[in-house]
Each structure stands twice: as structure tokens, then as C-alpha cells.
Amino acid sequence: MRQVFLRRLDGLTDVLHGIAMRKHRDVDDHAALLWGVAVALRPEVIVEIGVRKGNSTTVLAHAARTVGGRLFSVDIHECPLAERRVAQLGLEAEFSWEGRDAAGRFADGAIDLLFLDGDHSHAGVEADLAAWGPKIRRGGMVIAHDAERPGVAEPLRQSGWPAVFLAPGRPGLALLQRPETDRLHAGAGADRIPDPERKEP
Ligand SMILES: C[S@@+](CC[C@H](N)C(=O)[O-])C[C@H]1O[C@@H](n2cnc3c(N)ncnc32)[C@H](O)[C@@H]1O
């Protein structure tokens, strides 16, 4: 097993504490889980859709720092509080603010991990999957927040991408994987995560 040094997780307590102390609670219910899964996936390029006050932003920026990756954050509104929090936690080096309409700035297959927490309507999630799906590399991952809301759950299921619920119940956190081949889109086991190393027969 590769050695992990706790001192390299410097600042994680501040990130999680900063979220737990905020009055409006949301992603905080899953903050440590989100961080752990993001780190375990070792993404180089993380894109976050939906920033607002920056709870997921600080968690994902810290995860990016832990694995030597970078977080690109997208929102239709300015999010000055989130940017301030990133700066206060000393995470600017791993963070880029992308603003709105950012999908066109990413090459196809460029993204290792997409965090989806923007427009929670059925049409909005569908539009995000259509715009961002091709930007995720094959075998790359999506973590979807509020995944048990009908408006979010339905288009996720309809994508046909294999999925597991990391945190069932509301708000819910789901992990999906972009299939290695388009053949899997046609509804192949929505609860099955294929091994990215496995070669198709
Ligand atoms: C639930 S909040 C995000 C919370 C944030 N992830 C956190 O952990 O604090 C949803 C955010 O998505 C943004 N949003 C809504 N529709 C969007 C879209 N189509 N693209 C990008 N961001 C969007 C909203 O402006 C809002 O800031």
C-alpha cells in the first residue's frame, strides 16, 4: 500500500469546520464523503457546476490540492463569498473561477471528475449532461448532489450511465461513470460500475 502522510492533509480540518459552522446547511451533510471520494478518484481536472457560497468549492479545491489536481468552478452568478473562502483557506493555486458558459472552453474528454450541483430542474440537468458529458473522459466520473430530487434523479437515470448512490436519501449524492463505449449508454445496468481497466470483448 502506498504511504499517506497526514501532514499533507494540512487545512482539511479548516475546510470541514468552515462548512459545519455555516447556518445554511446543504452540501455540508456530505462534505467529508465528497472530499474522500474526490481524493480516491485522483482526478487531475475537476469541474464543479454550481458554486453559490462555496461549500463544495472549498472541499473540492482541497481534494485537488491533495492529489495534485485543479478545480474549475462554473456558475451563472458571481460567487464572491466562495472566492473569498477559497482565498482564506489558501487554496487559490488549485482553483480557477470559470463563470458561466464554460463548457466550450474544455476539450472533449478533458475532465476527470464533474461535480454537478447547478440547475436542479429536469431540463437543467439534462442540458448540463448534454453540454458537459462529452467533456468527461471515458471512464471519468460525475458526482451529482441532490441526486434524489426527481428533477435530478430522472435525467441521471435516463443517461444510462452506471451509477451508485454514495449517500442515499435526501439530499443524496450519486456517483456515475462515463462508459468506456457508447454501447453502454443503452441502459446497461444503471447500478453497475464497469472496471475501466477491463477490455471490451
Ligand atoms: C445549490 S447551489 C450550489 C451549492 C454549492 N455547490 C455549495 O456546495 O455550496 C446551486 C448554484 O447553481 C447555480 N446555477 C444554477 N443554474 C446553473 C447553470 N445552468 N450552470 C451553472 N450554475 C448554475 C446557481 O447560481 C447556484 O449558485
# chains A, B, ... in the order shown; residues from 1 in each chain; ligands from 1
$ residues_around --residues "A:Gly68" --least-positions-apart "4" --cutoff "12 Å" --atoms "only C-alpha atoms" --output "JSON, numbers by chain"
{"A": [8, 38, 39, 41, 42, 43, 44, 45, 46, 60, 61, 62, 63, 64, 91, 93, 94, 95]}
$ write_last_selection --atoms "N, CA and C atoms" --output "PDB file, in the first residue's frame"
ATOM      1  N   ARG A   8       0.153  16.024   5.009  1.00  0.00           N
ATOM      2  CA  ARG A   8      -0.152  16.560   3.677  1.00  0.00           C
ATOM      3  C   ARG A   8      -1.626  16.952   3.565  1.00  0.00           C
ATOM      4  N   ALA A  38     -13.535  12.237  -3.906  1.00  0.00           N
ATOM      5  CA  ALA A  38     -12.753  13.012  -4.887  1.00  0.00           C
ATOM      6  C   ALA A  38     -11.277  12.637  -4.798  1.00  0.00           C
ATOM      7  N   VAL A  39     -10.757  12.508  -3.601  1.00  0.00           N
ATOM      8  CA  VAL A  39      -9.340  12.159  -3.434  1.00  0.00           C
ATOM      9  C   VAL A  39      -9.089  10.733  -3.952  1.00  0.00           C
ATOM     10  N   LEU A  41     -10.476   9.177  -6.270  1.00  0.00           N
ATOM     11  CA  LEU A  41     -10.514   9.102  -7.733  1.00  0.00           C
ATOM     12  C   LEU A  41      -9.268   9.717  -8.363  1.00  0.00           C
ATOM     13  N   ARG A  42      -8.493  10.464  -7.611  1.00  0.00           N
ATOM     14  CA  ARG A  42      -7.239  11.097  -8.054  1.00  0.00           C
ATOM     15  C   ARG A  42      -7.390  11.865  -9.367  1.00  0.00           C
ATOM     16  N   PRO A  43      -8.368  12.760  -9.439  1.00  0.00           N
ATOM     17  CA  PRO A  43      -8.571  13.499 -10.690  1.00  0.00           C
ATOM     18  C   PRO A  43      -7.544  14.611 -10.873  1.00  0.00           C
ATOM     19  N   GLU A  44      -7.121  14.808 -12.120  1.00  0.00           N
ATOM     20  CA  GLU A  44      -6.268  15.967 -12.411  1.00  0.00           C
ATOM     21  C   GLU A  44      -7.129  17.190 -12.706  1.00  0.00           C
ATOM     22  N   VAL A  45      -8.238  16.968 -13.392  1.00  0.00           N
ATOM     23  CA  VAL A  45      -9.130  18.077 -13.753  1.00  0.00           C
ATOM     24  C   VAL A  45     -10.509  17.827 -13.148  1.00  0.00           C
ATOM     25  N   ILE A  46     -10.900  18.713 -12.234  1.00  0.00           N
ATOM     26  CA  ILE A  46     -12.234  18.640 -11.632  1.00  0.00           C
ATOM     27  C   ILE A  46     -13.008  19.869 -12.104  1.00  0.00           C
ATOM     28  N   LEU A  60     -13.675  20.560  -2.756  1.00  0.00           N
ATOM     29  CA  LEU A  60     -13.069  20.031  -3.990  1.00  0.00           C
ATOM     30  C   LEU A  60     -11.712  20.675  -4.273  1.00  0.00           C
ATOM     31  N   ALA A  61     -11.563  21.954  -3.910  1.00  0.00           N
ATOM     32  CA  ALA A  61     -10.258  22.599  -4.106  1.00  0.00           C
ATOM     33  C   ALA A  61      -9.218  21.939  -3.199  1.00  0.00           C
ATOM     34  N   HIS A  62      -9.631  21.589  -1.981  1.00  0.00           N
ATOM     35  CA  HIS A  62      -8.692  20.902  -1.084  1.00  0.00           C
ATOM     36  C   HIS A  62      -8.371  19.501  -1.601  1.00  0.00           C
ATOM     37  N   ALA A  63      -9.394  18.816  -2.098  1.00  0.00           N
ATOM     38  CA  ALA A  63      -9.153  17.476  -2.673  1.00  0.00           C
ATOM     39  C   ALA A  63      -8.197  17.594  -3.852  1.00  0.00           C
ATOM     40  N   ALA A  64      -8.390  18.629  -4.676  1.00  0.00           N
ATOM     41  CA  ALA A  64      -7.500  18.843  -5.828  1.00  0.00           C
ATOM     42  C   ALA A  64      -6.067  19.045  -5.343  1.00  0.00           C
ATOM     43  N   LEU A  91      -6.302  28.187  -0.867  1.00  0.00           N
ATOM     44  CA  LEU A  91      -6.465  27.175  -1.923  1.00  0.00           C
ATOM     45  C   LEU A  91      -6.515  27.788  -3.323  1.00  0.00           C
ATOM     46  N   ALA A  93      -4.287  28.421  -5.486  1.00  0.00           N
ATOM     47  CA  ALA A  93      -3.403  27.839  -6.508  1.00  0.00           C
ATOM     48  C   ALA A  93      -4.063  26.664  -7.227  1.00  0.00           C
ATOM     49  N   GLU A  94      -5.050  26.040  -6.572  1.00  0.00           N
ATOM     50  CA  GLU A  94      -5.707  24.867  -7.167  1.00  0.00           C
ATOM     51  C   GLU A  94      -7.056  25.229  -7.763  1.00  0.00           C
ATOM     52  N   PHE A  95      -7.389  26.512  -7.805  1.00  0.00           N
ATOM     53  CA  PHE A  95      -8.756  26.934  -8.117  1.00  0.00           C
ATOM     54  C   PHE A  95      -8.791  27.907  -9.283  1.00  0.00           C
TER      55      PHE A  95
END
$ select_by_dssp --residues "stretch 42-85 of chain A" --states "strand (DSSP E or B)" --output "mmCIF file with N, CA and C atoms, in the first residue's frame"
data_model
loop_
_atom_site.group_PDB
_atom_site.id
_atom_site.type_symbol
_atom_site.label_atom_id
_atom_site.label_comp_id
_atom_site.auth_asym_id
_atom_site.auth_seq_id
_atom_site.Cartn_x
_atom_site.Cartn_y
_atom_site.Cartn_z
ATOM 1 N N VAL A 45 -8.238 16.968 -13.392
ATOM 2 C CA VAL A 45 -9.130 18.077 -13.753
ATOM 3 C C VAL A 45 -10.509 17.827 -13.148
ATOM 4 N N ILE A 46 -10.900 18.713 -12.234
ATOM 5 C CA ILE A 46 -12.234 18.640 -11.632
ATOM 6 C C ILE A 46 -13.008 19.869 -12.104
ATOM 7 N N VAL A 47 -14.245 19.678 -12.549
ATOM 8 C CA VAL A 47 -15.117 20.816 -12.848
ATOM 9 C C VAL A 47 -16.312 20.738 -11.918
ATOM 10 N N GLU A 48 -16.613 21.866 -11.321
ATOM 11 C CA GLU A 48 -17.768 21.977 -10.420
ATOM 12 C C GLU A 48 -18.805 22.891 -11.069
ATOM 13 N N ILE A 49 -20.036 22.403 -11.161
ATOM 14 C CA ILE A 49 -21.122 23.241 -11.678
ATOM 15 C C ILE A 49 -22.036 23.588 -10.513
ATOM 16 N N ARG A 70 -6.595 20.149 -10.174
ATOM 17 C CA ARG A 70 -7.064 21.532 -10.241
ATOM 18 C C ARG A 70 -8.585 21.541 -10.339
ATOM 19 N N LEU A 71 -9.192 22.536 -9.690
ATOM 20 C CA LEU A 71 -10.649 22.690 -9.717
ATOM 21 C C LEU A 71 -11.033 23.887 -10.584
ATOM 22 N N PHE A 72 -11.974 23.676 -11.497
ATOM 23 C CA PHE A 72 -12.519 24.745 -12.327
ATOM 24 C C PHE A 72 -13.998 24.888 -11.948
ATOM 25 N N SER A 73 -14.389 26.082 -11.492
ATOM 26 C CA SER A 73 -15.738 26.249 -10.954
ATOM 27 C C SER A 73 -16.593 27.125 -11.853
ATOM 28 N N VAL A 74 -17.838 26.662 -12.051
ATOM 29 C CA VAL A 74 -18.751 27.278 -13.014
ATOM 30 C C VAL A 74 -20.034 27.667 -12.293
#
$ residues_near_ligand --ligand "ligand 1" --cutoff "9 Å" --atoms "only C-alpha atoms and all ligand atoms" --output "ChimeraX atom specification"
/A:19,25-28,31,48-59,73-79,82,99-102,115-121,124-125,127-128,145-146
$ atom_distance --atom1 "atom CA of A:Ile143" --atom2 "atom CA of A:Leu175"
4.6 Å
$ select_by_dssp --residues "stretch 81-201 of chain A" --states "helix (DSSP H, G or I)" --output "PyMOL selection string"
chain A and resi 81-88+92-94+103-105+122-135+150-158+182-185
$ closest_residue --among "A:Glu180, A:Glu154, A:Asp14, A:Glu98" --to "A:Gly140" --atoms "only C-alpha atoms"
A:Glu180
$ closest_residue --among "A:Leu114, A:Ile136, A:Leu16, A:Val142" --to "A:Asp29" --atoms "only C-alpha atoms"
A:Leu16
$ closest_residue --among "A:Gly169, A:Arg137, A:Gly18, A:Arg2" --to "A:Asp108" --atoms "only C-alpha atoms"
A:Arg137
$ closest_residue --among "A:Ser96, A:Gln177, A:Ser159, A:Thr66" --to "A:Asp10" --atoms "only C-alpha atoms"
A:Thr66
$ atom_distance --atom1 "atom CA of A:Arg170" --atom2 "atom CA of A:Thr13"
24.8 Å
$ decode --residues "stretch 161-183 of chain A" --atoms "N, CA and C atoms" --output "CSV table (one decimal), in the first residue's frame"
chain,number,residue,atom,x,y,z
A,161,TRP,N,-25.9,6.0,-17.7
A,161,TRP,CA,-24.5,5.8,-17.2
A,161,TRP,C,-24.6,5.0,-15.9
A,162,PRO,N,-23.7,4.0,-15.7
A,162,PRO,CA,-23.7,3.3,-14.4
A,162,PRO,C,-23.6,4.2,-13.2
A,163,ALA,N,-24.4,3.9,-12.2
A,163,ALA,CA,-24.4,4.8,-11.1
A,163,ALA,C,-24.5,4.1,-9.8
A,164,VAL,N,-23.9,4.6,-8.7
A,164,VAL,CA,-24.2,4.2,-7.3
A,164,VAL,C,-24.6,5.4,-6.5
A,165,PHE,N,-25.4,5.1,-5.5
A,165,PHE,CA,-25.7,6.2,-4.6
A,165,PHE,C,-24.7,6.1,-3.4
A,166,LEU,N,-23.9,7.1,-3.3
A,166,LEU,CA,-22.9,7.1,-2.2
A,166,LEU,C,-23.6,7.5,-0.9
A,167,ALA,N,-24.6,8.3,-1.0
A,167,ALA,CA,-25.4,8.8,0.2
A,167,ALA,C,-26.8,8.8,-0.1
A,168,PRO,N,-27.5,7.6,0.0
A,168,PRO,CA,-28.9,7.5,-0.3
A,168,PRO,C,-29.7,8.4,0.6
A,169,GLY,N,-30.9,8.8,0.2
A,169,GLY,CA,-31.8,9.7,1.0
A,169,GLY,C,-31.5,11.1,0.5
A,170,ARG,N,-32.3,12.1,1.0
A,170,ARG,CA,-32.1,13.5,0.5
A,170,ARG,C,-31.1,14.2,1.4
A,171,PRO,N,-30.2,15.1,0.9
A,171,PRO,CA,-30.3,15.5,-0.5
A,171,PRO,C,-29.7,14.4,-1.4
A,172,GLY,N,-28.8,13.5,-1.0
A,172,GLY,CA,-28.4,12.5,-1.8
A,172,GLY,C,-27.2,12.8,-2.7
A,173,LEU,N,-26.2,11.9,-2.7
A,173,LEU,CA,-25.0,12.1,-3.5
A,173,LEU,C,-24.8,10.8,-4.3
A,174,ALA,N,-24.7,11.0,-5.6
A,174,ALA,CA,-24.6,9.8,-6.5
A,174,ALA,C,-23.3,9.9,-7.3
A,175,LEU,N,-22.7,8.8,-7.6
A,175,LEU,CA,-21.5,8.7,-8.4
A,175,LEU,C,-21.8,8.0,-9.7
A,176,LEU,N,-21.5,8.6,-10.8
A,176,LEU,CA,-21.8,8.0,-12.1
A,176,LEU,C,-20.5,7.9,-12.9
A,177,GLN,N,-20.4,7.0,-13.8
A,177,GLN,CA,-19.2,6.9,-14.6
A,177,GLN,C,-19.5,6.9,-16.1
A,178,ARG,N,-18.8,7.8,-16.8
A,178,ARG,CA,-18.9,7.8,-18.3
A,178,ARG,C,-18.5,6.5,-18.8
A,179,PRO,N,-19.3,5.8,-19.6
A,179,PRO,CA,-19.0,4.4,-20.1
A,179,PRO,C,-17.8,4.5,-21.0
A,180,GLU,N,-17.1,3.4,-21.0
A,180,GLU,CA,-15.9,3.2,-21.9
A,180,GLU,C,-16.3,3.3,-23.4
A,181,THR,N,-17.5,2.7,-23.7
A,181,THR,CA,-18.0,2.7,-25.0
A,181,THR,C,-19.4,3.2,-25.0
A,182,ASP,N,-19.9,3.7,-26.2
A,182,ASP,CA,-21.3,4.2,-26.3
A,182,ASP,C,-22.3,3.1,-26.2
A,183,ARG,N,-21.9,1.9,-26.4
A,183,ARG,CA,-22.8,0.8,-26.3
A,183,ARG,C,-23.5,0.7,-24.9
